[in-house]
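Here is the file entry30.pdb (PDB, N, CA and C atoms).
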ATOM      1  N   MET A  22     -28.967   0.373 -16.354
ATOM      2  CA  MET A  22     -29.580   1.207 -15.331
ATOM      3  C   MET A  22     -29.164   2.664 -15.484
ATOM      4  N   ILE A  23     -27.890   2.904 -15.744
ATOM      5  CA  ILE A  23     -27.418   4.288 -15.809
ATOM      6  C   ILE A  23     -28.041   5.062 -16.961
ATOM      7  N   VAL A  24     -28.524   4.374 -17.980
ATOM      8  CA  VAL A  24     -29.080   5.082 -19.130
ATOM      9  C   VAL A  24     -30.336   5.852 -18.769
ATOM     10  N   ARG A  25     -30.961   5.519 -17.659
ATOM     11  CA  ARG A  25     -32.178   6.231 -17.245
ATOM     12  C   ARG A  25     -31.881   7.522 -16.482
ATOM     13  N   TYR A  26     -30.619   7.747 -16.212
ATOM     14  CA  TYR A  26     -30.220   8.900 -15.424
ATOM     15  C   TYR A  26     -29.471   9.872 -16.311
ATOM     16  N   ASP A  27     -29.651  11.133 -16.051
ATOM     17  CA  ASP A  27     -28.931  12.118 -16.851
ATOM     18  C   ASP A  27     -28.359  13.194 -15.947
ATOM     19  N   ARG A  28     -27.608  14.074 -16.543
ATOM     20  CA  ARG A  28     -26.905  15.106 -15.790
ATOM     21  C   ARG A  28     -27.839  16.038 -15.020
ATOM     22  N   ARG A  29     -29.076  16.173 -15.468
ATOM     23  CA  ARG A  29     -30.021  17.056 -14.767
ATOM     24  C   ARG A  29     -30.343  16.546 -13.376
ATOM     25  N   ARG A  30     -30.061  15.264 -13.101
ATOM     26  CA  ARG A  30     -30.317  14.701 -11.778
ATOM     27  C   ARG A  30     -29.229  15.049 -10.785
ATOM     28  N   VAL A  31     -28.105  15.572 -11.276
ATOM     29  CA  VAL A  31     -27.018  15.950 -10.365
ATOM     30  C   VAL A  31     -27.488  17.177  -9.589
ATOM     31  N   PRO A  32     -27.597  17.065  -8.272
ATOM     32  CA  PRO A  32     -28.286  18.074  -7.475
ATOM     33  C   PRO A  32     -27.488  19.335  -7.131
ATOM     34  N   SER A  33     -26.253  19.427  -7.517
ATOM     35  CA  SER A  33     -25.444  20.568  -7.110
ATOM     36  C   SER A  33     -24.479  20.953  -8.218
ATOM     37  N   SER A  34     -24.279  22.242  -8.376
ATOM     38  CA  SER A  34     -23.299  22.708  -9.352
ATOM     39  C   SER A  34     -21.876  22.436  -8.865
ATOM     40  N   ARG A  35     -21.719  22.044  -7.607
ATOM     41  CA  ARG A  35     -20.392  21.706  -7.066
ATOM     42  C   ARG A  35     -19.957  20.298  -7.437
ATOM     43  N   ILE A  36     -20.872  19.490  -7.971
ATOM     44  CA  ILE A  36     -20.563  18.123  -8.374
ATOM     45  C   ILE A  36     -20.331  18.110  -9.875
ATOM     46  N   HIS A  37     -19.185  17.587 -10.286
ATOM     47  CA  HIS A  37     -18.844  17.524 -11.711
ATOM     48  C   HIS A  37     -18.713  16.072 -12.140
ATOM     49  N   LEU A  38     -19.499  15.685 -13.153
ATOM     50  CA  LEU A  38     -19.419  14.338 -13.717
ATOM     51  C   LEU A  38     -18.479  14.342 -14.905
ATOM     52  N   PHE A  39     -17.740  13.273 -15.047
ATOM     53  CA  PHE A  39     -16.878  13.077 -16.208
ATOM     54  C   PHE A  39     -17.426  11.868 -16.955
ATOM     55  N   ALA A  40     -18.308  12.148 -17.909
ATOM     56  CA  ALA A  40     -18.989  11.092 -18.660
ATOM     57  C   ALA A  40     -19.401  11.661 -20.012
ATOM     58  N   THR A  41     -19.760  10.765 -20.907
ATOM     59  CA  THR A  41     -20.279  11.219 -22.188
ATOM     60  C   THR A  41     -21.627  11.888 -21.971
ATOM     61  N   ASP A  42     -22.014  12.733 -22.911
ATOM     62  CA  ASP A  42     -23.320  13.391 -22.801
ATOM     63  C   ASP A  42     -24.461  12.379 -22.909
ATOM     64  N   ALA A  43     -24.304  11.398 -23.769
ATOM     65  CA  ALA A  43     -25.325  10.359 -23.952
ATOM     66  C   ALA A  43     -24.947   9.159 -23.098
ATOM     67  N   LEU A  44     -25.577   9.038 -21.947
ATOM     68  CA  LEU A  44     -25.205   7.967 -21.024
ATOM     69  C   LEU A  44     -25.567   6.581 -21.531
ATOM     70  N   ASP A  45     -26.382   6.497 -22.590
ATOM     71  CA  ASP A  45     -26.687   5.181 -23.148
ATOM     72  C   ASP A  45     -25.479   4.588 -23.865
ATOM     73  N   ARG A  46     -24.432   5.405 -24.095
ATOM     74  CA  ARG A  46     -23.205   4.911 -24.719
ATOM     75  C   ARG A  46     -22.047   4.918 -23.726
ATOM     76  N   HIS A  47     -22.342   4.961 -22.468
ATOM     77  CA  HIS A  47     -21.321   5.083 -21.444
ATOM     78  C   HIS A  47     -21.164   3.767 -20.691
ATOM     79  N   LEU A  48     -19.943   3.441 -20.318
ATOM     80  CA  LEU A  48     -19.694   2.268 -19.484
ATOM     81  C   LEU A  48     -20.322   2.465 -18.109
ATOM     82  N   PRO A  49     -20.589   1.400 -17.377
ATOM     83  CA  PRO A  49     -21.226   1.538 -16.065
ATOM     84  C   PRO A  49     -20.255   1.982 -14.971
ATOM     85  N   VAL A  50     -19.472   2.989 -15.289
ATOM     86  CA  VAL A  50     -18.537   3.583 -14.342
ATOM     87  C   VAL A  50     -18.768   5.090 -14.396
ATOM     88  N   VAL A  51     -18.988   5.690 -13.245
ATOM     89  CA  VAL A  51     -19.236   7.132 -13.182
ATOM     90  C   VAL A  51     -18.127   7.765 -12.353
ATOM     91  N   THR A  52     -17.442   8.716 -12.951
ATOM     92  CA  THR A  52     -16.364   9.427 -12.279
ATOM     93  C   THR A  52     -16.817  10.848 -12.020
ATOM     94  N   CYS A  53     -16.556  11.345 -10.821
ATOM     95  CA  CYS A  53     -16.990  12.696 -10.477
ATOM     96  C   CYS A  53     -16.058  13.299  -9.437
ATOM     97  N   ARG A  54     -16.261  14.568  -9.176
ATOM     98  CA  ARG A  54     -15.555  15.252  -8.093
ATOM     99  C   ARG A  54     -16.492  16.296  -7.507
ATOM    100  N   VAL A  55     -16.184  16.708  -6.296
ATOM    101  CA  VAL A  55     -16.934  17.766  -5.624
ATOM    102  C   VAL A  55     -15.968  18.922  -5.412
ATOM    103  N   ASP A  56     -16.345  20.102  -5.896
ATOM    104  CA  ASP A  56     -15.495  21.278  -5.726
ATOM    105  C   ASP A  56     -15.136  21.488  -4.260
ATOM    106  N   GLY A  57     -13.858  21.685  -4.003
ATOM    107  CA  GLY A  57     -13.399  22.050  -2.673
ATOM    108  C   GLY A  57     -13.229  20.907  -1.694
ATOM    109  N   ILE A  58     -13.491  19.672  -2.120
ATOM    110  CA  ILE A  58     -13.344  18.534  -1.215
ATOM    111  C   ILE A  58     -12.466  17.490  -1.901
ATOM    112  N   ALA A  59     -11.422  17.047  -1.227
ATOM    113  CA  ALA A  59     -10.531  16.034  -1.792
ATOM    114  C   ALA A  59     -11.307  14.749  -2.055
ATOM    115  N   SER A  60     -10.960  14.076  -3.134
ATOM    116  CA  SER A  60     -11.673  12.841  -3.481
ATOM    117  C   SER A  60     -11.567  11.803  -2.368
ATOM    118  N   SER A  61     -10.438  11.752  -1.686
ATOM    119  CA  SER A  61     -10.288  10.791  -0.585
ATOM    120  C   SER A  61     -11.252  11.103   0.556
ATOM    121  N   ASP A  62     -11.501  12.387   0.802
ATOM    122  CA  ASP A  62     -12.469  12.769   1.837
ATOM    123  C   ASP A  62     -13.889  12.413   1.420
ATOM    124  N   VAL A  63     -14.229  12.649   0.155
ATOM    125  CA  VAL A  63     -15.559  12.280  -0.338
ATOM    126  C   VAL A  63     -15.756  10.772  -0.188
ATOM    127  N   GLY A  64     -14.751  10.000  -0.575
ATOM    128  CA  GLY A  64     -14.840   8.544  -0.443
ATOM    129  C   GLY A  64     -15.004   8.094   0.994
ATOM    130  N   ALA A  65     -14.268   8.726   1.902
ATOM    131  CA  ALA A  65     -14.371   8.368   3.324
ATOM    132  C   ALA A  65     -15.761   8.693   3.871
ATOM    133  N   ILE A  66     -16.316   9.820   3.462
ATOM    134  CA  ILE A  66     -17.665  10.196   3.909
ATOM    135  C   ILE A  66     -18.704   9.237   3.330
ATOM    136  N   LEU A  67     -18.583   8.926   2.035
ATOM    137  CA  LEU A  67     -19.522   7.976   1.427
ATOM    138  C   LEU A  67     -19.486   6.640   2.154
ATOM    139  N   ASP A  68     -18.289   6.178   2.495
ATOM    140  CA  ASP A  68     -18.138   4.903   3.178
ATOM    141  C   ASP A  68     -18.644   4.973   4.616
ATOM    142  N   GLY A  69     -18.158   5.939   5.366
ATOM    143  CA  GLY A  69     -18.463   6.000   6.793
ATOM    144  C   GLY A  69     -19.873   6.435   7.127
ATOM    145  N   ASP A  70     -20.395   7.397   6.383
ATOM    146  CA  ASP A  70     -21.713   7.949   6.706
ATOM    147  C   ASP A  70     -22.857   7.327   5.910
ATOM    148  N   PHE A  71     -22.555   6.825   4.710
ATOM    149  CA  PHE A  71     -23.625   6.359   3.821
ATOM    150  C   PHE A  71     -23.489   4.885   3.420
ATOM    151  N   GLU A  72     -22.406   4.215   3.863
ATOM    152  CA  GLU A  72     -22.148   2.821   3.531
ATOM    153  C   GLU A  72     -22.142   2.576   2.019
ATOM    154  N   ILE A  73     -21.523   3.516   1.283
ATOM    155  CA  ILE A  73     -21.375   3.408  -0.162
ATOM    156  C   ILE A  73     -19.886   3.274  -0.463
ATOM    157  N   ALA A  74     -19.520   2.192  -1.125
ATOM    158  CA  ALA A  74     -18.118   1.939  -1.458
ATOM    159  C   ALA A  74     -17.797   2.507  -2.837
ATOM    160  N   VAL A  75     -16.730   3.275  -2.916
ATOM    161  CA  VAL A  75     -16.256   3.860  -4.174
ATOM    162  C   VAL A  75     -14.742   3.741  -4.211
ATOM    163  N   ARG A  76     -14.154   4.035  -5.358
ATOM    164  CA  ARG A  76     -12.705   4.149  -5.478
ATOM    165  C   ARG A  76     -12.389   5.628  -5.621
ATOM    166  N   THR A  77     -11.284   6.058  -5.025
ATOM    167  CA  THR A  77     -10.898   7.460  -5.112
ATOM    168  C   THR A  77      -9.447   7.578  -5.558
ATOM    169  N   GLY A  78      -9.082   8.740  -6.029
ATOM    170  CA  GLY A  78      -7.694   9.003  -6.383
ATOM    171  C   GLY A  78      -7.481   9.131  -7.869
ATOM    172  N   LEU A  79      -6.286   8.742  -8.299
ATOM    173  CA  LEU A  79      -5.880   8.908  -9.698
ATOM    174  C   LEU A  79      -6.149   7.663 -10.546
ATOM    175  N   HIS A  80      -6.584   6.577  -9.952
ATOM    176  CA  HIS A  80      -6.996   5.368 -10.658
ATOM    177  C   HIS A  80      -5.963   4.887 -11.676
ATOM    178  N   CYS A  81      -4.706   4.934 -11.314
ATOM    179  CA  CYS A  81      -3.603   4.500 -12.195
ATOM    180  C   CYS A  81      -3.580   5.259 -13.515
ATOM    181  N   ALA A  82      -4.124   6.459 -13.519
ATOM    182  CA  ALA A  82      -4.184   7.247 -14.750
ATOM    183  C   ALA A  82      -3.901   8.722 -14.462
ATOM    184  N   PRO A  83      -2.728   9.039 -13.916
ATOM    185  CA  PRO A  83      -2.458  10.425 -13.536
ATOM    186  C   PRO A  83      -2.488  11.401 -14.714
ATOM    187  N   LEU A  84      -2.110  10.957 -15.908
ATOM    188  CA  LEU A  84      -2.137  11.866 -17.056
ATOM    189  C   LEU A  84      -3.562  12.196 -17.483
ATOM    190  N   VAL A  85      -4.446  11.238 -17.357
ATOM    191  CA  VAL A  85      -5.861  11.506 -17.650
ATOM    192  C   VAL A  85      -6.409  12.508 -16.649
ATOM    193  N   HIS A  86      -6.078  12.332 -15.378
ATOM    194  CA  HIS A  86      -6.557  13.266 -14.361
ATOM    195  C   HIS A  86      -5.952  14.649 -14.547
ATOM    196  N   ALA A  87      -4.724  14.719 -15.001
ATOM    197  CA  ALA A  87      -4.125  16.025 -15.313
ATOM    198  C   ALA A  87      -4.907  16.701 -16.427
ATOM    199  N   ASP A  88      -5.308  15.932 -17.436
ATOM    200  CA  ASP A  88      -6.078  16.469 -18.551
ATOM    201  C   ASP A  88      -7.478  16.900 -18.108
ATOM    202  N   LEU A  89      -8.082  16.132 -17.216
ATOM    203  CA  LEU A  89      -9.415  16.467 -16.718
ATOM    204  C   LEU A  89      -9.407  17.630 -15.734
ATOM    205  N   GLY A  90      -8.237  17.941 -15.202
ATOM    206  CA  GLY A  90      -8.148  18.995 -14.202
ATOM    207  C   GLY A  90      -8.450  18.513 -12.796
ATOM    208  N   THR A  91      -8.390  17.212 -12.574
ATOM    209  CA  THR A  91      -8.687  16.665 -11.248
ATOM    210  C   THR A  91      -7.434  16.295 -10.456
ATOM    211  N   ALA A  92      -6.268  16.460 -11.050
ATOM    212  CA  ALA A  92      -5.013  16.179 -10.336
ATOM    213  C   ALA A  92      -4.735  17.323  -9.365
ATOM    214  N   PRO A  93      -4.110  17.121  -8.255
ATOM    215  CA  PRO A  93      -3.495  15.888  -7.790
ATOM    216  C   PRO A  93      -4.421  15.012  -6.958
ATOM    217  N   SER A  94      -5.606  15.503  -6.587
ATOM    218  CA  SER A  94      -6.503  14.741  -5.715
ATOM    219  C   SER A  94      -7.192  13.589  -6.435
ATOM    220  N   GLY A  95      -7.367  13.715  -7.736
ATOM    221  CA  GLY A  95      -8.075  12.679  -8.475
ATOM    222  C   GLY A  95      -9.576  12.870  -8.415
ATOM    223  N   ALA A  96     -10.297  11.773  -8.479
ATOM    224  CA  ALA A  96     -11.752  11.825  -8.543
ATOM    225  C   ALA A  96     -12.348  10.660  -7.767
ATOM    226  N   VAL A  97     -13.657  10.637  -7.720
ATOM    227  CA  VAL A  97     -14.418   9.576  -7.083
ATOM    228  C   VAL A  97     -15.024   8.729  -8.194
ATOM    229  N   ARG A  98     -14.888   7.419  -8.097
ATOM    230  CA  ARG A  98     -15.409   6.543  -9.146
ATOM    231  C   ARG A  98     -16.429   5.569  -8.568
ATOM    232  N   PHE A  99     -17.641   5.648  -9.101
ATOM    233  CA  PHE A  99     -18.708   4.706  -8.780
ATOM    234  C   PHE A  99     -18.707   3.638  -9.864
ATOM    235  N   SER A 100     -18.727   2.381  -9.478
ATOM    236  CA  SER A 100     -18.809   1.280 -10.437
ATOM    237  C   SER A 100     -20.146   0.583 -10.252
ATOM    238  N   LEU A 101     -20.927   0.545 -11.320
ATOM    239  CA  LEU A 101     -22.248  -0.069 -11.271
ATOM    240  C   LEU A 101     -22.165  -1.491 -11.813
ATOM    241  N   GLY A 102     -22.918  -2.376 -11.228
ATOM    242  CA  GLY A 102     -22.906  -3.766 -11.644
ATOM    243  C   GLY A 102     -24.307  -4.274 -11.926
ATOM    244  N   PRO A 103     -24.419  -5.538 -12.243
ATOM    245  CA  PRO A 103     -25.730  -6.095 -12.603
ATOM    246  C   PRO A 103     -26.733  -6.081 -11.447
ATOM    247  N   PHE A 104     -26.237  -5.980 -10.231
ATOM    248  CA  PHE A 104     -27.146  -5.977  -9.089
ATOM    249  C   PHE A 104     -27.376  -4.575  -8.521
ATOM    250  N   THR A 105     -26.843  -3.556  -9.181
ATOM    251  CA  THR A 105     -27.085  -2.175  -8.774
ATOM    252  C   THR A 105     -28.516  -1.816  -9.135
ATOM    253  N   THR A 106     -29.252  -1.294  -8.165
ATOM    254  CA  THR A 106     -30.653  -0.952  -8.392
ATOM    255  C   THR A 106     -30.823   0.554  -8.553
ATOM    256  N   GLU A 107     -31.992   0.953  -9.012
ATOM    257  CA  GLU A 107     -32.289   2.380  -9.090
ATOM    258  C   GLU A 107     -32.229   3.007  -7.707
ATOM    259  N   ALA A 108     -32.645   2.263  -6.689
ATOM    260  CA  ALA A 108     -32.582   2.770  -5.314
ATOM    261  C   ALA A 108     -31.134   3.020  -4.901
ATOM    262  N   ASP A 109     -30.214   2.149  -5.323
ATOM    263  CA  ASP A 109     -28.792   2.354  -5.032
ATOM    264  C   ASP A 109     -28.291   3.647  -5.674
ATOM    265  N   ILE A 110     -28.672   3.862  -6.925
ATOM    266  CA  ILE A 110     -28.240   5.071  -7.631
ATOM    267  C   ILE A 110     -28.849   6.308  -6.982
ATOM    268  N   ASP A 111     -30.136   6.239  -6.618
ATOM    269  CA  ASP A 111     -30.774   7.360  -5.934
ATOM    270  C   ASP A 111     -30.077   7.659  -4.614
ATOM    271  N   ALA A 112     -29.702   6.616  -3.874
ATOM    272  CA  ALA A 112     -28.997   6.815  -2.606
ATOM    273  C   ALA A 112     -27.644   7.484  -2.822
ATOM    274  N   ALA A 113     -26.942   7.085  -3.867
ATOM    275  CA  ALA A 113     -25.650   7.712  -4.178
ATOM    276  C   ALA A 113     -25.824   9.187  -4.551
ATOM    277  N   ILE A 114     -26.859   9.485  -5.306
ATOM    278  CA  ILE A 114     -27.127  10.878  -5.695
ATOM    279  C   ILE A 114     -27.447  11.711  -4.443
ATOM    280  N   ARG A 115     -28.285  11.163  -3.569
ATOM    281  CA  ARG A 115     -28.617  11.884  -2.320
ATOM    282  C   ARG A 115     -27.378  12.086  -1.454
ATOM    283  N   ALA A 116     -26.539  11.066  -1.365
ATOM    284  CA  ALA A 116     -25.319  11.176  -0.553
ATOM    285  C   ALA A 116     -24.390  12.242  -1.118
ATOM    286  N   MET A 117     -24.202  12.248  -2.425
ATOM    287  CA  MET A 117     -23.341  13.256  -3.034
ATOM    288  C   MET A 117     -23.914  14.653  -2.834
ATOM    289  N   ALA A 118     -25.224  14.787  -2.894
ATOM    290  CA  ALA A 118     -25.869  16.086  -2.648
ATOM    291  C   ALA A 118     -25.598  16.556  -1.234
ATOM    292  N   ALA A 119     -25.693  15.635  -0.264
ATOM    293  CA  ALA A 119     -25.439  15.987   1.128
ATOM    294  C   ALA A 119     -23.981  16.411   1.315
ATOM    295  N   ILE A 120     -23.063  15.707   0.678
ATOM    296  CA  ILE A 120     -21.648  16.041   0.810
ATOM    297  C   ILE A 120     -21.356  17.397   0.167
ATOM    298  N   ALA A 121     -21.936  17.632  -1.001
ATOM    299  CA  ALA A 121     -21.689  18.887  -1.726
ATOM    300  C   ALA A 121     -22.308  20.087  -1.026
ATOM    301  N   GLY A 122     -23.299  19.813  -0.189
ATOM    302  CA  GLY A 122     -23.953  20.901   0.547
ATOM    303  C   GLY A 122     -24.917  21.613  -0.276
TER     304      GLY A 122
END
Would you mind writing the file out in structure tokens?
Amino acid sequence: MIVRYDRRRVPSSRIHLFATDALDRHLPVVTCRVDGIASSDVGAILDGDFEIAVRTGLHCAPLVHADLGTAPSGAVRFSLGPFTTEADIDAAIRAMAAIAG
């Protein structure tokens, strides 16, 4: 499913994806951050306002986050599964756009 989506669909310059350029070679995990908002706050908003479950923080990889420049807050991680639909992905994109402003 993720292979049909590309970086041009990210609706705000405040949202940063950490993924390969060619999403057809990417695992079904999308890591991102929103400038100026802690990853834990983004996760809480996604959960409380949009009913979207994500993982936030350093994901047991603080050195990777230091390298990515996302430490100490970490990032937001979306995990896609076999039952994730295009509508689910569209909803996540809309929610992130609303959060990013």
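Residues of chain A assigned to strand (DSSP E) by DSSP on this structure's backbone: Ile36, His37, Leu38, Phe39, Val50, Val51, Thr52, Cys53, Arg54, Val55, Arg76, Thr77, Gly78, Ala96, Val97, Arg98, Phe99 and Ser100 of chain A.
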Please, which residues of chain A, numbered as in this document, come out alpha helix (DSSP H) from DSSP, as a PyMOL selection string? chain A and resi 60-71+83-89+107-121
Starting from the shown file, work through the PyMOL selection byres ((chain A and resi 54) around 8) and note down what comes out as a PyMOL selection string. chain A and resi 35-39+51-53+55-60+91+95-98
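Closest approach to Phe99 of chain A among A:Ala87, A:Ala112, A:Val75, A:Leu48 is made by A:Val75 (distances from only C-alpha atoms).
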Go ahead and fit an axis-aligned box to every listed atom of segment 73-91 of chain A plus 4 Å each side, and pass me the centre and edge lengths in Å, one decimal, as lines of an AutoDock Vina configuration file.
center_x = -11.8
center_y = 10.5
center_z = -8.6
size_x = 27.4
size_y = 25.1
size_z = 27.8
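Across the structure, atom CA of Pro83 of chain A and atom N of Ser61 of chain A are spaced 14.3 Å apart.
Picture a line from atom CA of Gly90 of chain A to atom C of Val63 of chain A; it runs 17.9 Å.
Taking atom CA of Ser94 of chain A as the reference point, atom CA of Glu107 of chain A is found at 28.8 Å.
Considering only C-alpha atoms, the residue among A:Met117, A:Ala40, A:Ala92, A:Leu67 positioned nearest to Leu79 of chain A is A:Ala92.
Restricting the calculation to all atoms listed in the file, the smallest distance between Ile66 of chain A and any of A:Leu89, A:Val50, A:Asp109, A:Ala116 is found for A:Ala116.
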Of the listed residues A:Ala118, A:Ser100, A:Pro93, A:Ser34, that which approaches Ala74 of chain A most closely, counting only C-alpha atoms: A:Ser100
